[in-house]
Amino acid sequence: MTQRGPLNGILVVDLTRVLAGPFCTMVLADLGARIIKVEAPGNGDDARAVGPFVAGRSAYFTSLNRGKQSIALDLKSVRDRGVFERLLDSADVLVENFRPGAMQRLGYGWESLHERHPRLVMASTSGFGQTGPYAKRPAYDIVVQGMGGIMSLTGQPGGPPLRVGTSLGDIAAGLFTAIGIEAALLHRERTGEGMRVDVAMLDSQVAILENAIARYLATGEVPGPLGSRHPSITPFEALAARDAHIVVAAGNDAIFAGLCEALGCAELTRDARFASNDLRTRNHEALKTALEEILITRDAADWLDVLSAAGVPCGPIQNVQQLLADPQVASRNMLVSVDGGGDSRLRVAGNPIKLSAFEDPSHRDPAPDLDADRERILSEFGD
């Protein structure tokens, strides 16, 4: 089964490995593109060696590379370069996440590729981009999380620096690369001309800092970690009920009033300290204390029922097991199955982009074994 989508007919030659690039091409595959993953002979993508393993296969690799095809090519071999170049003759997109300069050394720099393949879109994802003083530095997710400011905002005040619990440095870059590719394809549709897409992991971290950058540039104050609370909206954080914490997001005065009414403390709306969002933020500790004195009298589930009925944005704090058992996740088809080798079947995250013109199947094509599609690819593109 091949996934159908708006990118049907788009051929992507994928030189990426590990996470940022494969996440990008996974998104493109979910949108219908054909992904031919070109891997180094021998071990292939480094992610193939990352656990946990099911039936001898990396579940991590499977989750990022489902629905792709694999061919092993040594781009320093004359014969394999010939195969690679025939792929490029038919390709719409080439995606790579080597360190800047590597493609030029192989003879596949942007200038020479664009001259030979003027309609080709070439997308490069790297730690620091193709230009600038850090361009040739290596980077992994935690490096750009540290350099990119997000670790300085994560955790409790006065606590040690903490990495965000998912690889946001890689994933943000992968998403921005996919967006850039789609924009480049639209430009090509209009002009007939391919272009270079250059996405840096560090740039992507800057782009997603949003409120922190706005606050610093407006006030000159360097933001720091605030635990779970929002720096400029209050209450907007985790609050303790009797048996667990819940999250509450009172994004405006009307919601705050509804929250207080539902909790039976409408008098807080008349307290001068809490008369506006700005005042509530300035007096956040006092407000948190007042709210938690009420919340700790009942269990979290009880309060969530009360607050939800009152239209107050709220929710439980779920672990991964609880999240994947959530009926909303199931109803949105956000867990899909993939053949995992032998009789095994893996469940992986689904596609969050729901498109009215295309189905969202609950089963996806498997991730390929290394070089699994060699014969098919060679027969189609010539040997």
# chains A, B, ... in the order shown; residues from 1 in each chain; ligands from 1
$ select_by_dssp --residues "region 66-282 of chain A" --states "helix (DSSP H, G or I)" --output "PyMOL selection string"
chain A and resi 78-90+102-105+110-116+141-147+150-153+168-191+201-207+211-219+253-263+266-270+272-274+277-282
$ closest_atom_pairs --of "region 55-158 of chain A" --to "region 365-378 of chain A" --cutoff "8 Å" --atoms "only C-alpha atoms" --output "JSON lines"
{"residue": "A:Phe61", "atom": "CA", "partner": "A:Ala367", "partner_atom": "CA", "distance": 7.6}
{"residue": "A:Thr62", "atom": "CA", "partner": "A:Ala367", "partner_atom": "CA", "distance": 5.1}
{"residue": "A:Ser63", "atom": "CA", "partner": "A:Ala367", "partner_atom": "CA", "distance": 7.8}
{"residue": "A:Asn65", "atom": "CA", "partner": "A:Ala367", "partner_atom": "CA", "distance": 5.1}
{"residue": "A:Arg66", "atom": "CA", "partner": "A:Ala367", "partner_atom": "CA", "distance": 3.9}
{"residue": "A:Gly67", "atom": "CA", "partner": "A:Asp365", "partner_atom": "CA", "distance": 4.5}
{"residue": "A:Lys68", "atom": "CA", "partner": "A:Ala367", "partner_atom": "CA", "distance": 6.1}
{"residue": "A:Gln69", "atom": "CA", "partner": "A:Pro368", "partner_atom": "CA", "distance": 5.7}
{"residue": "A:Ser70", "atom": "CA", "partner": "A:Asp371", "partner_atom": "CA", "distance": 4.9}
{"residue": "A:Ile71", "atom": "CA", "partner": "A:Asp371", "partner_atom": "CA", "distance": 4.0}
{"residue": "A:Ala72", "atom": "CA", "partner": "A:Asp371", "partner_atom": "CA", "distance": 4.9}
{"residue": "A:Val83", "atom": "CA", "partner": "A:Leu378", "partner_atom": "CA", "distance": 7.5}
$ write_last_selection --atoms "N, CA and C atoms" --output "PDB file, in the first residue's frame"
ATOM      1  N   PHE A  61      14.104   3.621  14.286  1.00  0.00           N
ATOM      2  CA  PHE A  61      14.264   3.788  12.839  1.00  0.00           C
ATOM      3  C   PHE A  61      12.930   3.601  12.127  1.00  0.00           C
ATOM      4  N   THR A  62      12.181   2.586  12.523  1.00  0.00           N
ATOM      5  CA  THR A  62      10.891   2.314  11.883  1.00  0.00           C
ATOM      6  C   THR A  62       9.948   3.492  12.018  1.00  0.00           C
ATOM      7  N   SER A  63       9.937   4.125  13.197  1.00  0.00           N
ATOM      8  CA  SER A  63       8.999   5.220  13.438  1.00  0.00           C
ATOM      9  C   SER A  63       9.273   6.422  12.550  1.00  0.00           C
ATOM     10  N   ASN A  65      11.003   6.149   9.401  1.00  0.00           N
ATOM     11  CA  ASN A  65      11.287   5.800   8.006  1.00  0.00           C
ATOM     12  C   ASN A  65      10.242   4.898   7.379  1.00  0.00           C
ATOM     13  N   ARG A  66       9.082   4.796   8.005  1.00  0.00           N
ATOM     14  CA  ARG A  66       8.003   4.008   7.428  1.00  0.00           C
ATOM     15  C   ARG A  66       7.622   4.574   6.069  1.00  0.00           C
ATOM     16  N   GLY A  67       7.287   3.657   5.169  1.00  0.00           N
ATOM     17  CA  GLY A  67       6.801   4.085   3.864  1.00  0.00           C
ATOM     18  C   GLY A  67       7.858   4.551   2.896  1.00  0.00           C
ATOM     19  N   LYS A  68       9.144   4.364   3.217  1.00  0.00           N
ATOM     20  CA  LYS A  68      10.216   4.781   2.315  1.00  0.00           C
ATOM     21  C   LYS A  68      10.824   3.555   1.641  1.00  0.00           C
ATOM     22  N   GLN A  69      11.617   3.783   0.616  1.00  0.00           N
ATOM     23  CA  GLN A  69      12.380   2.725  -0.040  1.00  0.00           C
ATOM     24  C   GLN A  69      13.859   2.939   0.248  1.00  0.00           C
ATOM     25  N   SER A  70      14.657   1.873   0.190  1.00  0.00           N
ATOM     26  CA  SER A  70      16.082   1.983   0.504  1.00  0.00           C
ATOM     27  C   SER A  70      16.940   1.379  -0.604  1.00  0.00           C
ATOM     28  N   ILE A  71      17.996   2.113  -0.925  1.00  0.00           N
ATOM     29  CA  ILE A  71      19.051   1.562  -1.776  1.00  0.00           C
ATOM     30  C   ILE A  71      20.382   2.013  -1.180  1.00  0.00           C
ATOM     31  N   ALA A  72      21.333   1.102  -1.109  1.00  0.00           N
ATOM     32  CA  ALA A  72      22.662   1.413  -0.579  1.00  0.00           C
ATOM     33  C   ALA A  72      23.578   1.797  -1.726  1.00  0.00           C
ATOM     34  N   VAL A  83      24.274   5.375 -10.730  1.00  0.00           N
ATOM     35  CA  VAL A  83      22.904   5.094 -10.285  1.00  0.00           C
ATOM     36  C   VAL A  83      22.299   6.332  -9.629  1.00  0.00           C
TER      37      VAL A  83
END
$ select_by_dssp --residues "region 250-355 of chain A" --states "strand (DSSP E)" --output "VMD selection string"
chain A and resid 314 to 316 335 to 341 344 to 349
$ atom_distance --atom1 "CA of Arg280 (chain A)" --atom2 "CA of Gln156 (chain A)"
19.8 Å
$ residues_around --residues "region 333-338 of chain A" --least-positions-apart "3" --cutoff "9 Å" --atoms "only C-alpha atoms" --output "PDB file with N, CA and C atoms, in the first residue's frame"
ATOM      1  N   THR A  62      12.181   2.586  12.523  1.00  0.00           N
ATOM      2  CA  THR A  62      10.891   2.314  11.883  1.00  0.00           C
ATOM      3  C   THR A  62       9.948   3.492  12.018  1.00  0.00           C
ATOM      4  N   SER A  63       9.937   4.125  13.197  1.00  0.00           N
ATOM      5  CA  SER A  63       8.999   5.220  13.438  1.00  0.00           C
ATOM      6  C   SER A  63       9.273   6.422  12.550  1.00  0.00           C
ATOM      7  N   ARG A  66       9.082   4.796   8.005  1.00  0.00           N
ATOM      8  CA  ARG A  66       8.003   4.008   7.428  1.00  0.00           C
ATOM      9  C   ARG A  66       7.622   4.574   6.069  1.00  0.00           C
ATOM     10  N   GLY A  67       7.287   3.657   5.169  1.00  0.00           N
ATOM     11  CA  GLY A  67       6.801   4.085   3.864  1.00  0.00           C
ATOM     12  C   GLY A  67       7.858   4.551   2.896  1.00  0.00           C
ATOM     13  N   LEU A 324      -1.401   7.642  24.973  1.00  0.00           N
ATOM     14  CA  LEU A 324      -1.700   6.733  23.875  1.00  0.00           C
ATOM     15  C   LEU A 324      -2.989   5.946  24.100  1.00  0.00           C
ATOM     16  N   GLN A 328      -9.325  10.496  22.504  1.00  0.00           N
ATOM     17  CA  GLN A 328      -9.175  11.545  21.488  1.00  0.00           C
ATOM     18  C   GLN A 328      -8.046  11.204  20.520  1.00  0.00           C
ATOM     19  N   VAL A 329      -6.961  10.666  21.044  1.00  0.00           N
ATOM     20  CA  VAL A 329      -5.828  10.260  20.201  1.00  0.00           C
ATOM     21  C   VAL A 329      -6.270   9.148  19.249  1.00  0.00           C
ATOM     22  N   ALA A 330      -7.036   8.193  19.778  1.00  0.00           N
ATOM     23  CA  ALA A 330      -7.525   7.100  18.932  1.00  0.00           C
ATOM     24  C   ALA A 330      -8.476   7.614  17.859  1.00  0.00           C
ATOM     25  N   SER A 344       5.694  -9.515  13.398  1.00  0.00           N
ATOM     26  CA  SER A 344       5.549  -8.397  14.336  1.00  0.00           C
ATOM     27  C   SER A 344       4.909  -7.199  13.642  1.00  0.00           C
ATOM     28  N   ARG A 345       4.239  -6.425  14.431  1.00  0.00           N
ATOM     29  CA  ARG A 345       3.634  -5.192  13.946  1.00  0.00           C
ATOM     30  C   ARG A 345       3.872  -4.119  15.005  1.00  0.00           C
ATOM     31  N   LEU A 346       4.359  -2.981  14.554  1.00  0.00           N
ATOM     32  CA  LEU A 346       4.634  -1.872  15.457  1.00  0.00           C
ATOM     33  C   LEU A 346       3.551  -0.819  15.322  1.00  0.00           C
ATOM     34  N   ARG A 347       3.329  -0.114  16.412  1.00  0.00           N
ATOM     35  CA  ARG A 347       2.451   1.046  16.366  1.00  0.00           C
ATOM     36  C   ARG A 347       3.320   2.282  16.508  1.00  0.00           C
ATOM     37  N   VAL A 348       3.099   3.258  15.654  1.00  0.00           N
ATOM     38  CA  VAL A 348       3.899   4.475  15.649  1.00  0.00           C
ATOM     39  C   VAL A 348       2.958   5.671  15.545  1.00  0.00           C
ATOM     40  N   ALA A 349       3.513   6.857  15.759  1.00  0.00           N
ATOM     41  CA  ALA A 349       2.707   8.069  15.673  1.00  0.00           C
ATOM     42  C   ALA A 349       2.182   8.263  14.253  1.00  0.00           C
ATOM     43  N   GLY A 350       0.937   8.699  14.159  1.00  0.00           N
ATOM     44  CA  GLY A 350       0.323   8.944  12.864  1.00  0.00           C
ATOM     45  C   GLY A 350       0.610  10.337  12.341  1.00  0.00           C
ATOM     46  N   ASN A 351      -0.104  10.711  11.311  1.00  0.00           N
ATOM     47  CA  ASN A 351       0.077  11.998  10.645  1.00  0.00           C
ATOM     48  C   ASN A 351      -0.917  13.015  11.206  1.00  0.00           C
ATOM     49  N   PRO A 352      -0.432  14.100  11.813  1.00  0.00           N
ATOM     50  CA  PRO A 352      -1.368  15.074  12.382  1.00  0.00           C
ATOM     51  C   PRO A 352      -2.034  15.963  11.345  1.00  0.00           C
ATOM     52  N   ASP A 360      -6.858   8.860   5.576  1.00  0.00           N
ATOM     53  CA  ASP A 360      -5.787   8.801   6.579  1.00  0.00           C
ATOM     54  C   ASP A 360      -5.726   7.361   7.083  1.00  0.00           C
ATOM     55  N   PRO A 361      -5.032   6.469   6.353  1.00  0.00           N
ATOM     56  CA  PRO A 361      -5.091   5.038   6.671  1.00  0.00           C
ATOM     57  C   PRO A 361      -4.486   4.716   8.033  1.00  0.00           C
ATOM     58  N   SER A 362      -4.996   3.667   8.636  1.00  0.00           N
ATOM     59  CA  SER A 362      -4.515   3.255   9.963  1.00  0.00           C
ATOM     60  C   SER A 362      -3.329   2.303   9.868  1.00  0.00           C
ATOM     61  N   HIS A 363      -2.991   1.866   8.644  1.00  0.00           N
ATOM     62  CA  HIS A 363      -1.825   1.000   8.446  1.00  0.00           C
ATOM     63  C   HIS A 363      -0.921   1.642   7.408  1.00  0.00           C
ATOM     64  N   ARG A 364       0.381   1.635   7.677  1.00  0.00           N
ATOM     65  CA  ARG A 364       1.340   2.266   6.781  1.00  0.00           C
ATOM     66  C   ARG A 364       2.374   1.253   6.310  1.00  0.00           C
ATOM     67  N   ASP A 365       2.952   1.531   5.154  1.00  0.00           N
ATOM     68  CA  ASP A 365       3.999   0.665   4.627  1.00  0.00           C
ATOM     69  C   ASP A 365       5.169   0.595   5.598  1.00  0.00           C
ATOM     70  N   PRO A 366       5.874  -0.512   5.641  1.00  0.00           N
ATOM     71  CA  PRO A 366       6.961  -0.672   6.619  1.00  0.00           C
ATOM     72  C   PRO A 366       8.169   0.189   6.282  1.00  0.00           C
ATOM     73  N   ALA A 367       9.037   0.336   7.275  1.00  0.00           N
ATOM     74  CA  ALA A 367      10.350   0.922   7.010  1.00  0.00           C
ATOM     75  C   ALA A 367      11.192  -0.122   6.286  1.00  0.00           C
TER      76      ALA A 367
END
$ atom_distance --atom1 "CA of Ile353 (chain A)" --atom2 "CA of Asp30 (chain A)"
8.7 Å
$ closest_residue --among "A:Pro225, A:Ser276, A:Ile213, A:Leu94" --to "Pro157 (chain A)" --atoms "only C-alpha atoms"
A:Pro225
$ closest_atom_pairs --of "region 85-179 of chain A" --to "region 184-195 of chain A" --cutoff "8 Å" --atoms "only C-alpha atoms" --output "Markdown table"
| residue | atom | partner | partner_atom | distance |
| --- | --- | --- | --- | --- |
| A:His114 | CA | A:Gly194 | CA | 7.4 |
| A:Pro118 | CA | A:Gly194 | CA | 5.7 |
| A:Arg119 | CA | A:Gly194 | CA | 4.2 |
| A:Leu120 | CA | A:Gly194 | CA | 4.8 |
| A:Val121 | CA | A:Gly194 | CA | 4.8 |
| A:Met122 | CA | A:Met195 | CA | 6.5 |
$ write_last_selection --atoms "N, CA and C atoms" --output "short mmCIF file (atom, residue, chain, number, x, y, z; two decimals), in the first residue's frame"
data_model
loop_
_atom_site.label_atom_id
_atom_site.label_comp_id
_atom_site.auth_asym_id
_atom_site.auth_seq_id
_atom_site.Cartn_x
_atom_site.Cartn_y
_atom_site.Cartn_z
N HIS A 114 22.27 22.46 -9.80
CA HIS A 114 21.27 23.35 -10.40
C HIS A 114 21.53 23.54 -11.89
N PRO A 118 17.93 21.96 -13.51
CA PRO A 118 17.40 23.27 -13.11
C PRO A 118 16.05 23.21 -12.39
N ARG A 119 15.31 22.11 -12.52
CA ARG A 119 14.02 22.00 -11.82
C ARG A 119 14.14 21.33 -10.46
N LEU A 120 15.32 20.85 -10.14
CA LEU A 120 15.50 20.12 -8.89
C LEU A 120 15.48 21.07 -7.69
N VAL A 121 14.74 20.69 -6.66
CA VAL A 121 14.79 21.38 -5.36
C VAL A 121 15.80 20.64 -4.50
N MET A 122 16.78 21.36 -3.97
CA MET A 122 17.77 20.76 -3.07
C MET A 122 17.58 21.35 -1.69
#
$ residues_around --residues "region 18-28 of chain A" --least-positions-apart "2" --cutoff "6 Å" --atoms "only C-alpha atoms" --output "ChimeraX atom specification"
/A:16,30-31,33,46-47,64,170-171,174-175,178
$ closest_atom_pairs --of "region 151-262 of chain A" --to "region 289-297 of chain A" --cutoff "8 Å" --atoms "only C-alpha atoms" --output "Markdown table"
| residue | atom | partner | partner_atom | distance |
| --- | --- | --- | --- | --- |
| A:Leu239 | CA | A:Glu292 | CA | 6.4 |
| A:Ala240 | CA | A:Glu292 | CA | 5.9 |
| A:Ala241 | CA | A:Ile296 | CA | 4.2 |
| A:Arg242 | CA | A:Ile296 | CA | 4.0 |
| A:Asp243 | CA | A:Ile296 | CA | 7.7 |
$ closest_residue --among "A:Gln318, A:Asn8, A:Ser228, A:Ser124" --to "Phe176 (chain A)" --atoms "only C-alpha atoms"
A:Ser124
$ closest_residue --among "A:Val222, A:Ala257, A:Ala301, A:Leu355" --to "Gly32 (chain A)" --atoms "only C-alpha atoms"
A:Leu355
$ residues_around --residues "Cys314 (chain A)" --least-positions-apart "6" --cutoff "8 Å" --atoms "only C-alpha atoms" --output "ChimeraX atom specification"
/A:246-249,304,307-308
$ atom_distance --atom1 "CA of Ile36 (chain A)" --atom2 "CA of Leu11 (chain A)"
7.6 Å
$ closest_residue --among "A:Tyr134, A:Trp110, A:Tyr60, A:Phe84" --to "Glu39 (chain A)" --atoms "only C-alpha atoms"
A:Phe84
$ decode --residues "region 24-126 of chain A" --atoms "C-alpha atoms" --output "mmCIF file, in the first residue's frame"
data_model
loop_
_atom_site.group_PDB
_atom_site.id
_atom_site.type_symbol
_atom_site.label_atom_id
_atom_site.label_comp_id
_atom_site.auth_asym_id
_atom_site.auth_seq_id
_atom_site.Cartn_x
_atom_site.Cartn_y
_atom_site.Cartn_z
ATOM 1 C CA CYS A 24 11.257 15.869 7.208
ATOM 2 C CA THR A 25 11.012 13.118 4.605
ATOM 3 C CA MET A 26 8.572 11.166 6.789
ATOM 4 C CA VAL A 27 6.252 14.182 6.669
ATOM 5 C CA LEU A 28 6.640 14.308 2.878
ATOM 6 C CA ALA A 29 5.928 10.563 2.659
ATOM 7 C CA ASP A 30 2.776 10.981 4.742
ATOM 8 C CA LEU A 31 1.692 13.639 2.247
ATOM 9 C CA GLY A 32 2.114 11.217 -0.654
ATOM 10 C CA ALA A 33 5.672 11.742 -1.921
ATOM 11 C CA ARG A 34 7.783 8.756 -2.952
ATOM 12 C CA ILE A 35 10.935 8.667 -0.823
ATOM 13 C CA ILE A 36 14.006 6.784 -2.045
ATOM 14 C CA LYS A 37 16.373 6.627 0.887
ATOM 15 C CA VAL A 38 19.996 6.449 -0.269
ATOM 16 C CA GLU A 39 22.124 4.914 2.485
ATOM 17 C CA ALA A 40 25.776 4.112 2.944
ATOM 18 C CA PRO A 41 26.586 0.440 2.273
ATOM 19 C CA GLY A 42 27.229 -1.674 5.347
ATOM 20 C CA ASN A 43 25.395 -0.064 8.241
ATOM 21 C CA GLY A 44 23.152 2.482 6.532
ATOM 22 C CA ASP A 45 21.406 5.138 8.578
ATOM 23 C CA ASP A 46 22.882 5.375 12.092
ATOM 24 C CA ALA A 47 19.349 5.215 13.486
ATOM 25 C CA ARG A 48 19.154 1.531 12.465
ATOM 26 C CA ALA A 49 21.413 0.815 15.463
ATOM 27 C CA VAL A 50 19.318 2.793 17.977
ATOM 28 C CA GLY A 51 17.032 0.799 20.274
ATOM 29 C CA PRO A 52 14.633 -0.401 21.368
ATOM 30 C CA PHE A 53 14.510 -3.344 18.964
ATOM 31 C CA VAL A 54 11.503 -5.430 17.941
ATOM 32 C CA ALA A 55 12.119 -8.625 15.950
ATOM 33 C CA GLY A 56 15.676 -7.436 15.420
ATOM 34 C CA ARG A 57 14.686 -4.080 13.947
ATOM 35 C CA SER A 58 15.026 -0.641 15.474
ATOM 36 C CA ALA A 59 11.620 0.680 16.533
ATOM 37 C CA TYR A 60 13.172 4.162 16.483
ATOM 38 C CA PHE A 61 14.264 3.788 12.839
ATOM 39 C CA THR A 62 10.891 2.314 11.883
ATOM 40 C CA SER A 63 8.999 5.220 13.438
ATOM 41 C CA LEU A 64 10.879 7.724 11.257
ATOM 42 C CA ASN A 65 11.287 5.800 8.006
ATOM 43 C CA ARG A 66 8.003 4.008 7.428
ATOM 44 C CA GLY A 67 6.801 4.085 3.864
ATOM 45 C CA LYS A 68 10.216 4.781 2.315
ATOM 46 C CA GLN A 69 12.380 2.725 -0.040
ATOM 47 C CA SER A 70 16.082 1.983 0.504
ATOM 48 C CA ILE A 71 19.051 1.562 -1.776
ATOM 49 C CA ALA A 72 22.662 1.413 -0.579
ATOM 50 C CA LEU A 73 25.041 3.469 -2.693
ATOM 51 C CA ASP A 74 28.665 4.438 -2.217
ATOM 52 C CA LEU A 75 28.830 7.945 -3.639
ATOM 53 C CA LYS A 76 32.593 7.604 -4.092
ATOM 54 C CA SER A 77 32.108 4.623 -6.418
ATOM 55 C CA VAL A 78 31.843 5.356 -10.146
ATOM 56 C CA ARG A 79 29.160 2.703 -10.641
ATOM 57 C CA ASP A 80 27.056 3.845 -7.692
ATOM 58 C CA ARG A 81 27.428 7.489 -8.647
ATOM 59 C CA GLY A 82 25.954 6.571 -12.007
ATOM 60 C CA VAL A 83 22.904 5.094 -10.285
ATOM 61 C CA PHE A 84 22.593 8.143 -8.042
ATOM 62 C CA GLU A 85 22.763 10.500 -10.992
ATOM 63 C CA ARG A 86 20.060 8.602 -12.830
ATOM 64 C CA LEU A 87 17.896 9.009 -9.732
ATOM 65 C CA LEU A 88 18.561 12.743 -9.833
ATOM 66 C CA ASP A 89 17.523 12.841 -13.494
ATOM 67 C CA SER A 90 13.992 11.918 -12.371
ATOM 68 C CA ALA A 91 13.940 13.486 -8.915
ATOM 69 C CA ASP A 92 11.918 16.504 -7.884
ATOM 70 C CA VAL A 93 13.692 16.953 -4.549
ATOM 71 C CA LEU A 94 17.060 16.036 -3.063
ATOM 72 C CA VAL A 95 17.263 16.217 0.740
ATOM 73 C CA GLU A 96 20.549 15.953 2.645
ATOM 74 C CA ASN A 97 21.769 16.644 6.160
ATOM 75 C CA PHE A 98 25.520 16.303 5.806
ATOM 76 C CA ARG A 99 27.836 18.881 7.311
ATOM 77 C CA PRO A 100 28.159 21.854 4.908
ATOM 78 C CA GLY A 101 30.819 21.231 2.284
ATOM 79 C CA ALA A 102 30.312 17.455 2.110
ATOM 80 C CA MET A 103 28.075 17.574 -0.962
ATOM 81 C CA GLN A 104 30.535 19.826 -2.785
ATOM 82 C CA ARG A 105 33.361 17.404 -2.051
ATOM 83 C CA LEU A 106 31.272 14.608 -3.546
ATOM 84 C CA GLY A 107 30.690 16.706 -6.656
ATOM 85 C CA TYR A 108 27.024 17.387 -5.863
ATOM 86 C CA GLY A 109 27.098 20.968 -4.649
ATOM 87 C CA TRP A 110 24.093 23.184 -5.303
ATOM 88 C CA GLU A 111 25.629 25.174 -8.152
ATOM 89 C CA SER A 112 26.612 22.130 -10.204
ATOM 90 C CA LEU A 113 23.346 20.317 -9.473
ATOM 91 C CA HIS A 114 21.273 23.345 -10.403
ATOM 92 C CA GLU A 115 23.125 23.681 -13.686
ATOM 93 C CA ARG A 116 22.461 20.024 -14.567
ATOM 94 C CA HIS A 117 18.968 19.801 -13.044
ATOM 95 C CA PRO A 118 17.396 23.268 -13.110
ATOM 96 C CA ARG A 119 14.019 22.003 -11.824
ATOM 97 C CA LEU A 120 15.503 20.121 -8.886
ATOM 98 C CA VAL A 121 14.789 21.377 -5.363
ATOM 99 C CA MET A 122 17.766 20.756 -3.072
ATOM 100 C CA ALA A 123 17.081 20.937 0.661
ATOM 101 C CA SER A 124 19.906 20.967 3.178
ATOM 102 C CA THR A 125 19.376 20.627 6.917
ATOM 103 C CA SER A 126 22.375 21.163 9.165
#
